[in-house]
file upload_14.cif (mmCIF, C-alpha atoms)
data_data
#
loop_
_atom_site.group_PDB
_atom_site.id
_atom_site.type_symbol
_atom_site.label_atom_id
_atom_site.label_comp_id
_atom_site.auth_asym_id
_atom_site.auth_seq_id
_atom_site.Cartn_x
_atom_site.Cartn_y
_atom_site.Cartn_z
ATOM 1 C CA MET A 1 181.535 -43.241 96.858
ATOM 2 C CA GLY A 2 178.089 -42.125 95.670
ATOM 3 C CA LEU A 3 176.468 -45.476 96.518
ATOM 4 C CA GLN A 4 178.014 -45.505 99.974
ATOM 5 C CA TRP A 5 176.779 -41.953 100.611
ATOM 6 C CA THR A 6 173.276 -42.877 99.428
ATOM 7 C CA VAL A 7 173.174 -45.962 101.654
ATOM 8 C CA THR A 8 174.441 -43.966 104.638
ATOM 9 C CA VAL A 9 171.804 -41.256 104.228
ATOM 10 C CA ALA A 10 169.037 -43.821 103.637
ATOM 11 C CA HIS A 11 170.099 -45.709 106.755
ATOM 12 C CA ASP A 12 170.082 -42.550 108.859
ATOM 13 C CA LEU A 13 166.686 -41.472 107.535
ATOM 14 C CA THR A 14 164.980 -44.839 107.757
ATOM 15 C CA GLY A 15 167.028 -46.732 110.328
ATOM 16 C CA PHE A 16 164.630 -46.689 113.266
ATOM 17 C CA ALA A 17 161.425 -46.533 111.244
ATOM 18 C CA GLY A 18 162.718 -49.244 108.917
ATOM 19 C CA GLY A 19 163.651 -51.441 111.880
ATOM 20 C CA ILE A 20 160.219 -51.056 113.422
ATOM 21 C CA GLY A 21 158.585 -51.711 110.052
ATOM 22 C CA LEU A 22 160.685 -54.818 109.468
ATOM 23 C CA ALA A 23 159.894 -56.141 112.951
ATOM 24 C CA THR A 24 156.198 -55.541 112.266
ATOM 25 C CA ALA A 25 156.386 -57.326 108.907
ATOM 26 C CA VAL A 26 158.123 -60.312 110.486
ATOM 27 C CA GLY A 27 155.518 -60.400 113.263
ATOM 28 C CA LEU A 28 152.651 -60.313 110.754
ATOM 29 C CA ALA A 29 154.257 -63.026 108.639
ATOM 30 C CA SER A 30 154.749 -65.158 111.736
ATOM 31 C CA ALA A 31 151.145 -64.655 112.795
ATOM 32 C CA ARG A 32 149.957 -65.902 109.402
ATOM 33 C CA ILE A 33 151.854 -69.126 109.847
ATOM 34 C CA GLY A 34 149.618 -69.950 112.784
ATOM 35 C CA ASP A 35 150.017 -72.909 115.091
ATOM 36 C CA ARG A 36 152.147 -75.017 112.783
ATOM 37 C CA PRO A 37 155.506 -73.330 112.245
ATOM 38 C CA GLY A 38 157.705 -74.961 109.658
ATOM 39 C CA ARG A 39 161.342 -75.919 109.829
ATOM 40 C CA ILE A 40 162.559 -72.549 108.568
ATOM 41 C CA THR A 41 160.425 -70.570 111.017
ATOM 42 C CA THR A 42 161.577 -72.762 113.895
ATOM 43 C CA ALA A 43 165.211 -72.367 112.840
ATOM 44 C CA LEU A 44 164.849 -68.592 112.551
ATOM 45 C CA ALA A 45 163.305 -68.444 116.027
ATOM 46 C CA ALA A 46 166.189 -70.396 117.596
ATOM 47 C CA PRO A 47 168.682 -67.467 117.684
ATOM 48 C CA GLY A 48 165.998 -65.294 119.270
ATOM 49 C CA GLN A 49 165.702 -67.779 122.111
ATOM 50 C CA ARG A 50 169.455 -67.425 122.607
ATOM 51 C CA SER A 51 169.604 -63.744 121.737
ATOM 52 C CA LEU A 52 172.383 -62.624 124.088
ATOM 53 C CA THR A 53 174.664 -65.454 122.986
ATOM 54 C CA PHE A 54 174.218 -64.702 119.295
ATOM 55 C CA HIS A 55 174.372 -60.930 119.726
ATOM 56 C CA LEU A 56 177.769 -61.388 121.370
ATOM 57 C CA PHE A 57 178.798 -63.955 118.730
ATOM 58 C CA GLN A 58 178.026 -61.559 115.899
ATOM 59 C CA SER A 59 179.709 -58.673 117.723
ATOM 60 C CA ALA A 60 182.836 -60.780 118.245
ATOM 61 C CA VAL A 61 182.958 -61.679 114.546
ATOM 62 C CA TRP A 62 182.658 -58.018 113.507
ATOM 63 C CA LEU A 63 185.304 -57.032 116.036
ATOM 64 C CA ALA A 64 187.664 -59.755 114.822
ATOM 65 C CA LEU A 65 187.229 -58.845 111.163
ATOM 66 C CA PHE A 66 187.000 -55.062 111.100
ATOM 67 C CA TYR A 67 188.662 -53.384 114.092
ATOM 68 C CA PRO A 68 192.140 -51.874 113.655
ATOM 69 C CA PHE A 69 193.719 -54.015 116.370
ATOM 70 C CA THR A 70 192.517 -57.286 114.781
ATOM 71 C CA PHE A 71 192.327 -58.157 111.044
ATOM 72 C CA ASP A 72 191.427 -54.553 110.074
ATOM 73 C CA LEU A 73 189.456 -55.426 106.949
ATOM 74 C CA ARG A 74 187.346 -52.243 107.006
ATOM 75 C CA ASP A 75 189.233 -50.646 104.099
ATOM 76 C CA GLU A 76 189.700 -53.926 102.231
ATOM 77 C CA VAL A 77 186.043 -55.038 102.026
ATOM 78 C CA SER A 78 183.470 -53.259 99.877
ATOM 79 C CA LEU A 79 179.869 -52.553 100.862
ATOM 80 C CA ALA A 80 178.756 -55.653 98.954
ATOM 81 C CA GLY A 81 181.456 -57.677 100.685
ATOM 82 C CA SER A 82 180.286 -56.440 104.086
ATOM 83 C CA CYS A 83 176.725 -57.432 103.237
ATOM 84 C CA GLY A 84 177.956 -60.849 102.142
ATOM 85 C CA ILE A 85 179.880 -61.301 105.392
ATOM 86 C CA ALA A 86 176.788 -60.244 107.340
ATOM 87 C CA ALA A 87 174.665 -62.801 105.476
ATOM 88 C CA VAL A 88 177.190 -65.570 106.153
ATOM 89 C CA VAL A 89 177.462 -64.660 109.852
ATOM 90 C CA PHE A 90 173.648 -64.615 110.113
ATOM 91 C CA ALA A 91 173.363 -68.005 108.393
ATOM 92 C CA VAL A 92 176.013 -69.495 110.680
ATOM 93 C CA SER A 93 174.161 -68.037 113.680
ATOM 94 C CA VAL A 94 170.899 -69.640 112.584
ATOM 95 C CA LEU A 95 172.569 -72.998 111.942
ATOM 96 C CA LEU A 96 174.350 -72.963 115.328
ATOM 97 C CA ALA A 97 171.181 -71.921 117.148
ATOM 98 C CA GLU A 98 169.145 -74.612 115.408
ATOM 99 C CA TRP A 99 171.762 -77.218 116.367
ATOM 100 C CA MET A 100 171.605 -75.983 119.970
ATOM 101 C CA ARG A 101 167.799 -76.178 119.890
ATOM 102 C CA ARG A 102 167.823 -79.731 118.554
ATOM 103 C CA THR A 103 170.330 -80.880 121.154
ATOM 104 C CA GLY A 104 168.436 -79.141 123.966
ATOM 105 C CA GLN A 105 171.163 -76.657 124.825
ATOM 106 C CA ARG A 106 170.587 -73.170 126.094
ATOM 107 C CA GLY A 107 172.815 -70.328 125.003
ATOM 108 C CA PRO A 108 175.953 -70.161 127.157
ATOM 109 C CA MET A 109 175.486 -66.459 127.879
ATOM 110 C CA GLU A 110 171.859 -67.015 128.918
ATOM 111 C CA VAL A 111 173.019 -69.774 131.274
ATOM 112 C CA LEU A 112 175.695 -67.473 132.704
ATOM 113 C CA VAL A 113 173.247 -64.615 133.255
ATOM 114 C CA ARG A 114 170.774 -66.969 134.922
ATOM 115 C CA ARG A 115 173.481 -68.336 137.231
ATOM 116 C CA MET A 116 174.588 -64.846 138.137
ATOM 117 C CA SER A 117 171.011 -63.649 138.681
ATOM 118 C CA TYR A 118 169.806 -66.637 140.666
ATOM 119 C CA PRO A 119 172.734 -68.041 142.621
ATOM 120 C CA ARG A 120 172.344 -71.450 144.159
ATOM 121 C CA ALA A 121 171.111 -71.390 147.700
ATOM 122 C CA THR A 122 173.895 -71.698 150.203
ATOM 123 C CA PRO A 123 173.152 -73.184 153.581
ATOM 124 C CA ILE A 124 172.723 -70.606 156.315
ATOM 125 C CA PRO A 125 175.188 -71.275 159.131
ATOM 126 C CA ARG A 126 173.581 -72.103 162.424
ATOM 127 C CA ARG A 127 173.937 -69.628 165.127
ATOM 128 C CA THR A 128 175.694 -71.171 168.053
ATOM 129 C CA SER A 129 175.508 -69.887 171.537
ATOM 130 C CA PRO A 130 178.810 -68.818 173.006
ATOM 131 C CA THR A 131 180.413 -71.315 175.318
ATOM 132 C CA ILE A 132 181.356 -70.136 178.732
#
call {"tool": "encode", "arguments": {"input": "upload_14.cif", "output": "structure tokens"}}
result
Amino acid sequence: MGLQWTVTVAHDLTGFAGGIGLATAVGLASARIGDRPGRITTALAAPGQRSLTFHLFQSAVWLALFYPFTFDLRDEVSLAGSCGIAAVVFAVSVLLAEWMRRTGQRGPMEVLVRRMSYPRATPIPRRTSPTI
């Protein structure tokens, strides 16, 4: 219980600042790579190009595993187990996104949002004059 309390307090104290710091560190590391990103960098960028799809994918996995009306594993899995599940879900996300990138597929949710935002043009009906 002490470790969980410590992690909870550390997360609350450093959550936002830690997130901003991590994003900055990733940005700086990416900038150092320069114009020739490697395979790992390209693979890690693939989920970001399909961010809505993989955000919803990860949310669906967490819902399926931990909510009371699904598998309800929240009391069964330890903190280390949750971190392990998170790492596996992240790795699967990166592998799926990289496969989608290589096959030239966009994320399905990005495609859906684009279709909803920019509907196909429908022909405007001609105005006919009334017949007498």
call {"tool": "axis_aligned_box", "arguments": {"input": "upload_14.cif", "around": "range 93-110 of chain A", "padding_each_side": "8 Å", "output": "lines of an AutoDock Vina configuration file"}}
result
center_x = 171.9
center_y = -73.7
center_z = 120.4
size_x = 24.2
size_y = 30.4
size_z = 33.0
call {"tool": "resolve_selection", "arguments": {"input": "upload_14.cif", "expression": "the PyMOL selection byres ((chain A and resi 106) around 12)", "output": "list in words"}}
result
Ala46, Pro47, Gly48, Gln49, Arg50, Ser51, Leu52, Thr53, Phe54, Leu96, Ala97, Glu98, Trp99, Met100, Arg101, Arg102, Thr103, Gly104, Gln105, Gly107, Pro108, Met109, Glu110, Val111, Leu112, Val113 and Arg114 of chain A
call {"tool": "closest_residue", "arguments": {"input": "upload_14.cif", "among": "A:Ala29, A:Leu56, A:Leu22, A:Val61", "to": "Ile85 in chain A", "atoms": "only C-alpha atoms"}}
result
A:Val61
call {"tool": "atom_distance", "arguments": {"input": "upload_14.cif", "atom1": "CA of His11 in chain A", "atom2": "CA of Ala86 in chain A"}}
result
16.0 Å
call {"tool": "closest_residue", "arguments": {"input": "upload_14.cif", "among": "A:Ala80, A:Pro37, A:Val89, A:Ala43", "to": "Ala60 in chain A", "atoms": "all atoms listed in the file"}}
result
A:Val89
call {"tool": "atom_distance", "arguments": {"input": "upload_14.cif", "atom1": "CA of Thr8 in chain A", "atom2": "CA of Leu28 in chain A"}}
result
27.9 Å
call {"tool": "atom_distance", "arguments": {"input": "upload_14.cif", "atom1": "CA of Phe71 in chain A", "atom2": "CA of Gly2 in chain A"}}
result
26.4 Å
